[in-house]
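**Student:** My structure is in model.cif, and what it holds is mmCIF, C-alpha atoms:
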```
data_run
loop_
_atom_site.group_PDB
_atom_site.id
_atom_site.type_symbol
_atom_site.label_atom_id
_atom_site.label_comp_id
_atom_site.auth_asym_id
_atom_site.auth_seq_id
_atom_site.Cartn_x
_atom_site.Cartn_y
_atom_site.Cartn_z
ATOM 1 C CA MET Q 84 123.194 -160.685 40.722
ATOM 2 C CA ALA Q 85 124.670 -162.058 37.514
ATOM 3 C CA ARG Q 86 125.347 -165.746 37.302
ATOM 4 C CA PRO Q 87 128.983 -166.826 37.577
ATOM 5 C CA GLY Q 88 130.667 -166.599 34.199
ATOM 6 C CA ARG Q 89 128.264 -163.991 32.845
ATOM 7 C CA ARG Q 90 129.463 -160.440 32.492
ATOM 8 C CA LYS Q 91 127.310 -157.408 32.949
ATOM 9 C CA ARG Q 92 127.082 -155.127 29.965
ATOM 10 C CA ALA Q 93 129.332 -152.468 31.534
ATOM 11 C CA GLU Q 94 131.944 -155.094 32.377
ATOM 12 C CA SER Q 95 132.126 -156.639 28.918
ATOM 13 C CA ARG Q 96 135.108 -155.827 26.780
ATOM 14 C CA TYR Q 97 132.763 -156.108 23.792
ATOM 15 C CA ALA Q 98 130.335 -153.354 24.855
ATOM 16 C CA GLU Q 99 131.392 -150.952 22.084
ATOM 17 C CA GLN Q 100 131.157 -153.615 19.386
ATOM 18 C CA ALA Q 101 127.748 -154.672 20.711
ATOM 19 C CA GLU Q 102 126.507 -151.088 20.386
ATOM 20 C CA ARG Q 103 127.695 -150.897 16.761
ATOM 21 C CA LEU Q 104 126.147 -154.283 15.965
ATOM 22 C CA ALA Q 105 122.849 -153.195 17.512
ATOM 23 C CA ALA Q 106 122.804 -149.970 15.518
ATOM 24 C CA ARG Q 107 123.597 -151.740 12.237
ATOM 25 C CA LEU Q 108 120.997 -154.460 12.729
ATOM 26 C CA ARG Q 109 118.347 -151.901 13.730
ATOM 27 C CA ALA Q 110 119.166 -149.746 10.695
ATOM 28 C CA LEU Q 111 118.932 -152.723 8.331
ATOM 29 C CA ARG Q 112 115.645 -153.814 9.888
ATOM 30 C CA GLU Q 113 114.190 -150.329 9.551
ATOM 31 C CA GLN Q 114 115.433 -150.015 5.950
ATOM 32 C CA HIS Q 115 113.452 -153.156 5.167
ATOM 33 C CA GLY Q 116 110.380 -151.728 6.899
ATOM 34 C CA MET Q 117 110.280 -154.615 9.339
ATOM 35 C CA THR Q 118 109.176 -154.658 12.943
ATOM 36 C CA GLN Q 119 111.128 -156.526 15.586
ATOM 37 C CA GLU Q 120 108.300 -159.048 15.664
ATOM 38 C CA GLN Q 121 108.499 -159.667 11.909
ATOM 39 C CA LEU Q 122 112.278 -160.081 12.006
ATOM 40 C CA ALA Q 123 112.063 -162.465 14.935
ATOM 41 C CA ALA Q 124 109.404 -164.599 13.252
ATOM 42 C CA GLN Q 125 111.285 -164.864 9.971
ATOM 43 C CA ALA Q 126 114.625 -165.540 11.692
ATOM 44 C CA GLU Q 127 112.931 -168.087 13.964
ATOM 45 C CA ILE Q 128 114.209 -166.430 17.133
ATOM 46 C CA SER Q 129 112.330 -164.792 19.973
ATOM 47 C CA VAL Q 130 111.209 -161.179 19.879
ATOM 48 C CA ALA Q 131 112.951 -160.747 23.235
ATOM 49 C CA THR Q 132 116.235 -161.757 21.623
ATOM 50 C CA VAL Q 133 115.864 -159.152 18.874
ATOM 51 C CA ARG Q 134 114.911 -156.498 21.415
ATOM 52 C CA ASN Q 135 117.753 -157.384 23.753
ATOM 53 C CA ILE Q 136 120.329 -157.275 20.963
ATOM 54 C CA GLU Q 137 119.028 -153.930 19.704
ATOM 55 C CA ARG Q 138 118.962 -152.499 23.240
ATOM 56 C CA VAL Q 139 122.482 -153.854 23.887
ATOM 57 C CA ILE Q 140 121.297 -155.944 26.796
ATOM 58 C CA VAL Q 141 122.906 -158.910 25.063
ATOM 59 C CA VAL Q 142 126.514 -157.963 24.378
ATOM 60 C CA GLU Q 143 127.693 -161.309 23.039
ATOM 61 C CA PRO Q 144 124.879 -162.756 20.905
ATOM 62 C CA SER Q 145 125.271 -166.158 19.348
ATOM 63 C CA LEU Q 146 126.839 -166.162 15.886
ATOM 64 C CA TYR Q 147 123.940 -168.269 14.657
ATOM 65 C CA THR Q 148 121.427 -165.743 15.972
ATOM 66 C CA VAL Q 149 123.205 -162.901 14.183
ATOM 67 C CA LEU Q 150 123.474 -164.972 10.999
ATOM 68 C CA ALA Q 151 119.745 -165.735 11.095
ATOM 69 C CA MET Q 152 118.926 -162.043 11.449
ATOM 70 C CA VAL Q 153 121.363 -161.030 8.704
ATOM 71 C CA ARG Q 154 119.968 -163.684 6.338
ATOM 72 C CA VAL Q 155 116.418 -162.410 6.773
ATOM 73 C CA LEU Q 156 117.596 -158.846 6.184
ATOM 74 C CA GLY Q 157 119.251 -159.859 2.918
ATOM 75 C CA ALA Q 158 122.636 -158.739 4.155
ATOM 76 C CA SER Q 159 125.970 -160.405 4.789
ATOM 77 C CA ILE Q 160 127.919 -160.762 7.978
ATOM 78 C CA GLU Q 161 130.359 -158.215 6.556
ATOM 79 C CA ASP Q 162 127.521 -155.669 6.514
ATOM 80 C CA VAL Q 163 127.303 -155.829 10.306
ATOM 81 C CA ALA Q 164 130.891 -156.802 11.103
ATOM 82 C CA MET Q 165 132.847 -154.690 13.477
#
```
Please rewrite the model in this file as structure tokens.
**Tutor:**
Amino acid sequence: MARPGRRKRAESRYAEQAERLAARLRALREQHGMTQEQLAAQAEISVATVRNIERVIVVEPSLYTVLAMVRVLGASIEDVAM
């Protein structure tokens, strides 16, 4: 059971945006020839976080997490913005 205050993926009003974000981040990572492990290490976040964002398990990732990933990928927030 989800903790109080946390929404399940299907219940989130941001599910569609999370899917687009995941697809854009994955595409950028693959364009750079990076693995999830390499991106995580360079962004100083956990591999699980990268995987969960790309698999849309996390529907509302932290702005700072997304910024760290975008920075490593040499992109801007506009490149992954909804």
**Student:** Could you name the residues that touch Gln125 of chain Q at 10 Å or less, counting all atoms listed in the file, but leaving out those on the same chain fewer than 2 positions away, as a PyMOL selection string?
**Tutor:** chain Q and resi 120-123+127-128+151-152+154-156
**Student:** What does the PyMOL selection byres ((chain Q and resi 143) around 9) select in this file, as a ChimeraX atom specification?
**Tutor:** /Q:95,97-98,101,136,141-142,144-146
**Student:** Using the chain letters and residue numbers of this document, give as an mmCIF file with C-alpha atoms, in the frame of the given file the residues selected by the PyMOL selection byres ((chain Q and resi 162) around 10).
**Tutor:**
```
data_model
loop_
_atom_site.group_PDB
_atom_site.id
_atom_site.type_symbol
_atom_site.label_atom_id
_atom_site.label_comp_id
_atom_site.auth_asym_id
_atom_site.auth_seq_id
_atom_site.Cartn_x
_atom_site.Cartn_y
_atom_site.Cartn_z
ATOM 1 C CA LEU Q 104 126.147 -154.283 15.965
ATOM 2 C CA ARG Q 107 123.597 -151.740 12.237
ATOM 3 C CA LEU Q 108 120.997 -154.460 12.729
ATOM 4 C CA LEU Q 111 118.932 -152.723 8.331
ATOM 5 C CA VAL Q 153 121.363 -161.030 8.704
ATOM 6 C CA GLY Q 157 119.251 -159.859 2.918
ATOM 7 C CA ALA Q 158 122.636 -158.739 4.155
ATOM 8 C CA SER Q 159 125.970 -160.405 4.789
ATOM 9 C CA ILE Q 160 127.919 -160.762 7.978
ATOM 10 C CA GLU Q 161 130.359 -158.215 6.556
ATOM 11 C CA VAL Q 163 127.303 -155.829 10.306
ATOM 12 C CA ALA Q 164 130.891 -156.802 11.103
ATOM 13 C CA MET Q 165 132.847 -154.690 13.477
#
```
**Student:** Can you work out which one of Q:Ala131, Q:Glu137, Q:Ala126, Q:Gly116 has the shortest atom-to-atom distance to Leu150 of chain Q, counting only C-alpha atoms?
**Tutor:**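 So, comparing all the options, the nearest one is Q:Ala126.
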**Student:** What is the distance between atom CA of Val133 of chain Q and atom CA of His115 of chain Q, in Å to one decimal?
**Tutor:** 15.2 Å
**Student:** Provide an axis-aligned box for all listed atoms of segment 95-100 of chain Q, padding each side by 5 Å; report its centre and its edge lengths in Å to one decimal, as lines of an AutoDock Vina configuration file.
**Tutor:**
```
center_x = 132.7
center_y = -153.8
center_z = 24.2
size_x = 14.8
size_y = 15.7
size_z = 19.5
```
**Student:** Rounded to one decimal, what separation in Å do you get between atom CA of Gln119 of chain Q and atom CA of Ala106 of chain Q?
**Tutor:** 13.4 Å
**Student:** What is the atom CA of Glu94 of chain Q to atom CA of Arg109 of chain Q distance in Å?
**Tutor:**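 That distance, rounded to one decimal, is 23.3 Å.
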